[in-house]
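Student: Have a peek at data.txt (compact mmCIF, N, CA and C atoms).
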# COMPACT_ATOMS: atom_id res chain seq x y z
N MET W 218 91.52 84.64 85.27
CA MET W 218 90.22 84.92 84.69
C MET W 218 90.42 85.14 83.19
N SER W 219 89.56 84.55 82.40
CA SER W 219 89.68 84.70 80.95
C SER W 219 89.31 86.12 80.52
N ALA W 220 89.79 86.51 79.36
CA ALA W 220 89.46 87.82 78.81
C ALA W 220 87.96 87.94 78.57
N GLU W 221 87.35 86.85 78.16
CA GLU W 221 85.90 86.85 77.91
C GLU W 221 85.12 87.12 79.20
N LEU W 222 85.50 86.44 80.28
CA LEU W 222 84.83 86.63 81.56
C LEU W 222 85.09 88.03 82.11
N ALA W 223 86.32 88.51 81.97
CA ALA W 223 86.64 89.87 82.42
C ALA W 223 85.79 90.90 81.68
N GLY W 224 85.61 90.71 80.39
CA GLY W 224 84.77 91.60 79.59
C GLY W 224 83.32 91.55 80.03
N TRP W 225 82.83 90.34 80.34
CA TRP W 225 81.46 90.17 80.83
C TRP W 225 81.28 90.93 82.14
N CYS W 226 82.25 90.80 83.04
CA CYS W 226 82.19 91.50 84.34
C CYS W 226 82.19 93.01 84.14
N ARG W 227 83.08 93.51 83.30
CA ARG W 227 83.15 94.95 83.04
C ARG W 227 81.83 95.48 82.49
N ALA W 228 81.23 94.75 81.56
CA ALA W 228 79.96 95.19 80.96
C ALA W 228 78.87 95.26 82.01
N ARG W 229 78.81 94.28 82.91
CA ARG W 229 77.78 94.29 83.97
C ARG W 229 78.00 95.45 84.94
N GLU W 230 79.27 95.70 85.27
CA GLU W 230 79.58 96.79 86.20
C GLU W 230 79.28 98.15 85.58
N GLN W 231 79.56 98.32 84.30
CA GLN W 231 79.28 99.58 83.63
C GLN W 231 77.78 99.82 83.50
N ALA W 232 77.00 98.75 83.58
CA ALA W 232 75.54 98.86 83.53
C ALA W 232 74.95 99.01 84.94
N GLY W 233 75.81 99.08 85.96
CA GLY W 233 75.32 99.31 87.31
C GLY W 233 75.27 98.07 88.18
N GLY W 234 75.80 96.96 87.70
CA GLY W 234 75.77 95.72 88.48
C GLY W 234 77.06 95.47 89.24
N THR W 235 76.99 94.60 90.20
CA THR W 235 78.15 94.14 90.94
C THR W 235 78.33 92.68 90.60
N THR W 236 79.50 92.31 90.13
CA THR W 236 79.72 90.93 89.72
C THR W 236 80.27 90.10 90.88
N VAL W 237 79.86 88.85 90.91
CA VAL W 237 80.29 87.91 91.93
C VAL W 237 80.78 86.66 91.19
N LEU W 238 82.01 86.26 91.49
CA LEU W 238 82.56 85.06 90.89
C LEU W 238 82.47 83.92 91.90
N VAL W 239 82.11 82.74 91.42
CA VAL W 239 82.02 81.55 92.26
C VAL W 239 83.17 80.63 91.87
N SER W 240 83.96 80.23 92.88
CA SER W 240 85.10 79.37 92.57
C SER W 240 85.27 78.29 93.62
N TRP W 241 86.04 77.29 93.23
CA TRP W 241 86.40 76.19 94.14
C TRP W 241 87.82 75.79 93.80
N ASP W 242 88.68 75.76 94.79
CA ASP W 242 90.09 75.44 94.58
C ASP W 242 90.72 76.30 93.48
N ASP W 243 90.45 77.59 93.55
CA ASP W 243 90.99 78.57 92.61
C ASP W 243 90.55 78.38 91.16
N VAL W 244 89.46 77.64 90.95
CA VAL W 244 88.89 77.47 89.61
C VAL W 244 87.55 78.18 89.58
N ILE W 245 87.38 79.11 88.67
CA ILE W 245 86.11 79.84 88.56
C ILE W 245 85.07 78.91 87.95
N LEU W 246 83.98 78.72 88.69
CA LEU W 246 82.91 77.84 88.25
C LEU W 246 81.71 78.59 87.68
N GLY W 247 81.58 79.85 88.04
CA GLY W 247 80.44 80.60 87.56
C GLY W 247 80.55 82.07 87.94
N ALA W 248 79.63 82.84 87.42
CA ALA W 248 79.60 84.28 87.70
C ALA W 248 78.16 84.75 87.65
N LEU W 249 77.88 85.75 88.46
CA LEU W 249 76.55 86.36 88.42
C LEU W 249 76.69 87.85 88.68
N ALA W 250 75.68 88.58 88.31
CA ALA W 250 75.68 90.02 88.53
C ALA W 250 74.46 90.38 89.36
N VAL W 251 74.69 91.21 90.36
CA VAL W 251 73.62 91.70 91.23
C VAL W 251 73.45 93.18 90.93
N THR W 252 72.23 93.59 90.69
CA THR W 252 71.99 94.98 90.30
C THR W 252 70.95 95.61 91.22
N ASP W 253 71.29 96.78 91.75
CA ASP W 253 70.32 97.57 92.52
C ASP W 253 69.44 98.32 91.54
N THR W 254 68.19 98.45 91.88
CA THR W 254 67.27 99.20 91.04
C THR W 254 67.14 100.61 91.60
N VAL W 255 67.39 101.60 90.76
CA VAL W 255 67.25 102.99 91.16
C VAL W 255 65.77 103.35 91.04
N LYS W 256 65.20 103.87 92.12
CA LYS W 256 63.77 104.23 92.10
C LYS W 256 63.50 105.27 91.02
N GLY W 257 62.35 105.19 90.43
CA GLY W 257 61.97 106.14 89.39
C GLY W 257 61.93 107.58 89.89
N SER W 258 61.70 107.76 91.17
CA SER W 258 61.61 109.10 91.75
C SER W 258 62.97 109.67 92.16
N ALA W 259 64.04 108.89 92.02
CA ALA W 259 65.36 109.32 92.50
C ALA W 259 65.84 110.59 91.80
N ALA W 260 65.73 110.65 90.49
CA ALA W 260 66.23 111.83 89.75
C ALA W 260 65.49 113.09 90.17
N ALA W 261 64.18 112.98 90.38
CA ALA W 261 63.40 114.14 90.82
C ALA W 261 63.81 114.56 92.23
N ALA W 262 64.08 113.59 93.10
CA ALA W 262 64.51 113.90 94.46
C ALA W 262 65.87 114.59 94.44
N VAL W 263 66.78 114.12 93.60
CA VAL W 263 68.10 114.74 93.50
C VAL W 263 67.97 116.16 92.95
N ALA W 264 67.12 116.35 91.96
CA ALA W 264 66.90 117.69 91.40
C ALA W 264 66.35 118.63 92.47
N GLU W 265 65.47 118.14 93.33
CA GLU W 265 64.91 118.95 94.41
C GLU W 265 66.00 119.33 95.42
N LEU W 266 66.89 118.40 95.72
CA LEU W 266 68.00 118.70 96.62
C LEU W 266 68.86 119.83 96.04
N ARG W 267 69.12 119.76 94.74
CA ARG W 267 69.90 120.82 94.08
C ARG W 267 69.16 122.15 94.15
N ARG W 268 67.84 122.11 93.94
CA ARG W 268 67.03 123.33 93.99
C ARG W 268 67.12 123.97 95.37
N LEU W 269 67.29 123.14 96.40
CA LEU W 269 67.41 123.64 97.77
C LEU W 269 68.82 124.13 98.10
N GLY W 270 69.72 124.05 97.10
CA GLY W 270 71.07 124.53 97.30
C GLY W 270 72.03 123.49 97.84
N LEU W 271 71.61 122.24 97.86
CA LEU W 271 72.46 121.17 98.36
C LEU W 271 73.23 120.52 97.21
N ARG W 272 74.35 119.89 97.54
CA ARG W 272 75.18 119.21 96.53
C ARG W 272 75.11 117.71 96.78
N PRO W 273 74.33 116.98 95.99
CA PRO W 273 74.23 115.52 96.19
C PRO W 273 75.53 114.82 95.79
N VAL W 274 75.94 113.86 96.61
CA VAL W 274 77.13 113.06 96.35
C VAL W 274 76.77 111.61 96.63
N LEU W 275 77.15 110.71 95.74
CA LEU W 275 76.97 109.28 95.98
C LEU W 275 78.25 108.74 96.60
N LEU W 276 78.14 108.25 97.83
CA LEU W 276 79.25 107.64 98.54
C LEU W 276 78.92 106.17 98.70
N THR W 277 79.78 105.30 98.16
CA THR W 277 79.47 103.87 98.15
C THR W 277 80.73 103.02 98.22
N GLY W 278 80.56 101.82 98.65
CA GLY W 278 81.64 100.85 98.64
C GLY W 278 81.74 100.11 97.32
N ASP W 279 80.77 100.34 96.43
CA ASP W 279 80.79 99.69 95.12
C ASP W 279 81.98 100.16 94.29
N ASN W 280 82.31 99.39 93.26
CA ASN W 280 83.40 99.78 92.37
C ASN W 280 83.00 101.01 91.56
N ALA W 281 83.98 101.65 90.96
CA ALA W 281 83.76 102.93 90.28
C ALA W 281 82.76 102.81 89.13
N ALA W 282 82.87 101.77 88.31
CA ALA W 282 81.97 101.64 87.15
C ALA W 282 80.52 101.52 87.60
N THR W 283 80.27 100.67 88.59
CA THR W 283 78.91 100.49 89.11
C THR W 283 78.41 101.78 89.72
N ALA W 284 79.24 102.42 90.54
CA ALA W 284 78.84 103.66 91.20
C ALA W 284 78.46 104.75 90.20
N HIS W 285 79.25 104.90 89.16
CA HIS W 285 78.96 105.94 88.16
C HIS W 285 77.68 105.63 87.38
N ALA W 286 77.43 104.37 87.11
CA ALA W 286 76.19 104.00 86.41
C ALA W 286 74.97 104.32 87.27
N VAL W 287 75.03 103.99 88.55
CA VAL W 287 73.91 104.27 89.46
C VAL W 287 73.75 105.78 89.63
N ALA W 288 74.85 106.49 89.80
CA ALA W 288 74.78 107.94 89.95
C ALA W 288 74.15 108.60 88.72
N ALA W 289 74.52 108.14 87.54
CA ALA W 289 73.95 108.70 86.31
C ALA W 289 72.44 108.48 86.27
N ALA W 290 72.00 107.31 86.69
CA ALA W 290 70.56 107.01 86.69
C ALA W 290 69.80 107.90 87.67
N ALA W 291 70.47 108.33 88.73
CA ALA W 291 69.83 109.16 89.75
C ALA W 291 70.07 110.65 89.52
N GLY W 292 70.88 111.00 88.52
CA GLY W 292 71.16 112.40 88.24
C GLY W 292 72.21 113.01 89.17
N ILE W 293 73.10 112.17 89.69
CA ILE W 293 74.15 112.64 90.59
C ILE W 293 75.46 112.72 89.81
N ASP W 294 76.14 113.86 89.95
CA ASP W 294 77.39 114.08 89.21
C ASP W 294 78.63 113.68 89.99
N GLU W 295 78.60 113.84 91.29
CA GLU W 295 79.79 113.58 92.10
C GLU W 295 79.71 112.21 92.76
N VAL W 296 80.75 111.41 92.57
CA VAL W 296 80.76 110.03 93.06
C VAL W 296 82.05 109.77 93.84
N ILE W 297 81.90 109.15 95.00
CA ILE W 297 83.04 108.63 95.76
C ILE W 297 82.78 107.13 95.88
N SER W 298 83.59 106.34 95.19
CA SER W 298 83.37 104.90 95.15
C SER W 298 84.47 104.15 95.88
N GLU W 299 84.24 102.86 96.06
CA GLU W 299 85.21 101.97 96.69
C GLU W 299 85.60 102.45 98.09
N ALA W 300 84.65 103.09 98.78
CA ALA W 300 84.89 103.56 100.14
C ALA W 300 84.81 102.36 101.08
N LEU W 301 85.76 102.26 101.96
CA LEU W 301 85.81 101.14 102.89
C LEU W 301 85.49 101.63 104.29
N ARG W 302 84.81 100.80 105.03
CA ARG W 302 84.55 101.10 106.44
C ARG W 302 85.81 100.74 107.21
N ARG W 303 86.29 101.68 107.95
CA ARG W 303 87.49 101.44 108.75
C ARG W 303 87.09 101.22 110.21
N PRO W 304 87.69 100.26 110.88
CA PRO W 304 87.35 100.03 112.28
C PRO W 304 87.73 101.23 113.14
N ARG W 305 86.92 101.48 114.15
CA ARG W 305 87.21 102.58 115.07
C ARG W 305 88.36 102.20 115.99
N LEU W 306 89.18 103.16 116.28
CA LEU W 306 90.25 102.95 117.23
C LEU W 306 89.68 103.13 118.63
N ARG W 307 90.08 102.30 119.54
CA ARG W 307 89.56 102.40 120.91
C ARG W 307 90.62 102.84 121.85
Using the file provided, produce a representation of the structure as structure tokens.
Tutor:
Amino acid sequence: MSAELAGWCRAREQAGGTTVLVSWDDVILGALAVTDTVKGSAAAAVAELRRLGLRPVLLTGDNAATAHAVAAAAGIDEVISEALRRPRLR
């Protein structure tokens, strides 16, 4: 991946997006960023949870940069990112 593309990806992730690279035969053909929209009422809801004595935590499978950007928009201080779902043992 070129330094320019890596920088583009980092910028999108720091703004709350998740980047997706499109490739064929190990050649990157394109890139796009998918961004979740944080509801306008999210920060007020998080503040109400705090008022009730609860500690809001954002737990997500997203990368750290994206997770922290979304958490900041919602007023959440504690973030657990890059969480993976593990299969249950039977």
Student: Do you know which residues are at most 9 Å from Asp294 (chain W) counting only C-alpha atoms, after dropping those on the same chain fewer than 2 positions away, and could you put them as number ranges by chain?
Tutor: W: 273-275, 285, 288-289, 292, 296
Student: Could you write out the selected residues, including N, CA and C atoms, as a compact mmCIF listing (two decimals), in the frame of the given file?
Tutor:
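File produced: result.txt:
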# COMPACT_ATOMS: atom_id res chain seq x y z
N PRO W 273 74.33 116.98 95.99
CA PRO W 273 74.23 115.52 96.19
C PRO W 273 75.53 114.82 95.79
N VAL W 274 75.94 113.86 96.61
CA VAL W 274 77.13 113.06 96.35
C VAL W 274 76.77 111.61 96.63
N LEU W 275 77.15 110.71 95.74
CA LEU W 275 76.97 109.28 95.98
C LEU W 275 78.25 108.74 96.60
N HIS W 285 79.25 104.90 89.16
CA HIS W 285 78.96 105.94 88.16
C HIS W 285 77.68 105.63 87.38
N ALA W 288 74.85 106.49 89.80
CA ALA W 288 74.78 107.94 89.95
C ALA W 288 74.15 108.60 88.72
N ALA W 289 74.52 108.14 87.54
CA ALA W 289 73.95 108.70 86.31
C ALA W 289 72.44 108.48 86.27
N GLY W 292 70.88 111.00 88.52
CA GLY W 292 71.16 112.40 88.24
C GLY W 292 72.21 113.01 89.17
N VAL W 296 80.75 111.41 92.57
CA VAL W 296 80.76 110.03 93.06
C VAL W 296 82.05 109.77 93.84
Student: Would you compute the distance between atom N of Ala291 (chain W) and atom N of Ala232 (chain W)? Give it in Å to one decimal.
Tutor: 12.7 Å
Student: Enumerate as number ranges by chain all residues of chain W assigned to helix (DSSP H, G or I) by DSSP on the backbone, naming them with the chain letters and numbers the document uses.
Tutor: W: 220-231, 259-268, 281-291
Student: Please work out which residues fall within 6 Å of (78.8, 97.6, 89.1), coordinates as given in the file, with all atoms listed in the file counting, and return them as a ChimeraX atom specification.
Tutor: /W:229-236,280,282-284
Student: What does the distance between atom C of Ala286 (chain W) and atom C of Ala259 (chain W) come to in Å, to one decimal place?
Tutor: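 Separation between atom C of Ala286 (chain W) and atom C of Ala259 (chain W): 12.0 Å.
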Student: Of the candidates W:Val255, W:Leu238, W:Ile293, W:Leu249, which shows the shortest atom-to-atom distance to Leu271 (chain W), using only C-alpha atoms?
Tutor: W:Ile293
Student: Could you pull out every residue with an atom within 8 Å of (78.5, 101.0, 99.0), file coordinates, counting all atoms listed in the file, and send them as a PDB file with N, CA and C atoms, in the frame of the given file?
Tutor:
ATOM      1  N   LEU W 276      78.140 108.250  97.830  1.00  0.00           N
ATOM      2  CA  LEU W 276      79.250 107.640  98.540  1.00  0.00           C
ATOM      3  C   LEU W 276      78.920 106.170  98.700  1.00  0.00           C
ATOM      4  N   THR W 277      79.780 105.300  98.160  1.00  0.00           N
ATOM      5  CA  THR W 277      79.470 103.870  98.150  1.00  0.00           C
ATOM      6  C   THR W 277      80.730 103.020  98.220  1.00  0.00           C
ATOM      7  N   GLY W 278      80.560 101.820  98.650  1.00  0.00           N
ATOM      8  CA  GLY W 278      81.640 100.850  98.640  1.00  0.00           C
ATOM      9  C   GLY W 278      81.740 100.110  97.320  1.00  0.00           C
ATOM     10  N   ASP W 279      80.770 100.340  96.430  1.00  0.00           N
ATOM     11  CA  ASP W 279      80.790  99.690  95.120  1.00  0.00           C
ATOM     12  C   ASP W 279      81.980 100.160  94.290  1.00  0.00           C
ATOM     13  N   ASN W 280      82.310  99.390  93.260  1.00  0.00           N
ATOM     14  CA  ASN W 280      83.400  99.780  92.370  1.00  0.00           C
ATOM     15  C   ASN W 280      83.000 101.010  91.560  1.00  0.00           C
ATOM     16  N   SER W 298      83.590 106.340  95.190  1.00  0.00           N
ATOM     17  CA  SER W 298      83.370 104.900  95.150  1.00  0.00           C
ATOM     18  C   SER W 298      84.470 104.150  95.880  1.00  0.00           C
ATOM     19  N   GLU W 299      84.240 102.860  96.060  1.00  0.00           N
ATOM     20  CA  GLU W 299      85.210 101.970  96.690  1.00  0.00           C
ATOM     21  C   GLU W 299      85.600 102.450  98.090  1.00  0.00           C
ATOM     22  N   ALA W 300      84.650 103.090  98.780  1.00  0.00           N
ATOM     23  CA  ALA W 300      84.890 103.560 100.140  1.00  0.00           C
ATOM     24  C   ALA W 300      84.810 102.360 101.080  1.00  0.00           C
ATOM     25  N   LEU W 301      85.760 102.260 101.960  1.00  0.00           N
ATOM     26  CA  LEU W 301      85.810 101.140 102.890  1.00  0.00           C
ATOM     27  C   LEU W 301      85.490 101.630 104.290  1.00  0.00           C
TER      28      LEU W 301
END
Student: Ranking W:Ala248, W:Trp225, W:Glu295, W:Ala290 by minimum distance to Ala260 (chain W) and counting only N, CA and C atoms, which one comes first?
Tutor: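 So, comparing all the options, the nearest one is W:Ala290.
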Student: CA of Ser219 (chain W) to CA of Ser240 (chain W): how many Å, to one decimal?
Tutor: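 Separation between CA of Ser219 (chain W) and CA of Ser240 (chain W): 13.6 Å.
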Student: If I wrap all listed atoms of region 274-288 of chain W in a box with edges along x, y and z and add 4 Å on each side, what are its centre and edge lengths in Å to one decimal, as JSON?
Tutor:
{"center_x": 78.9, "center_y": 106.6, "center_z": 92.6, "size_x": 18.2, "size_y": 22.5, "size_z": 20.3}
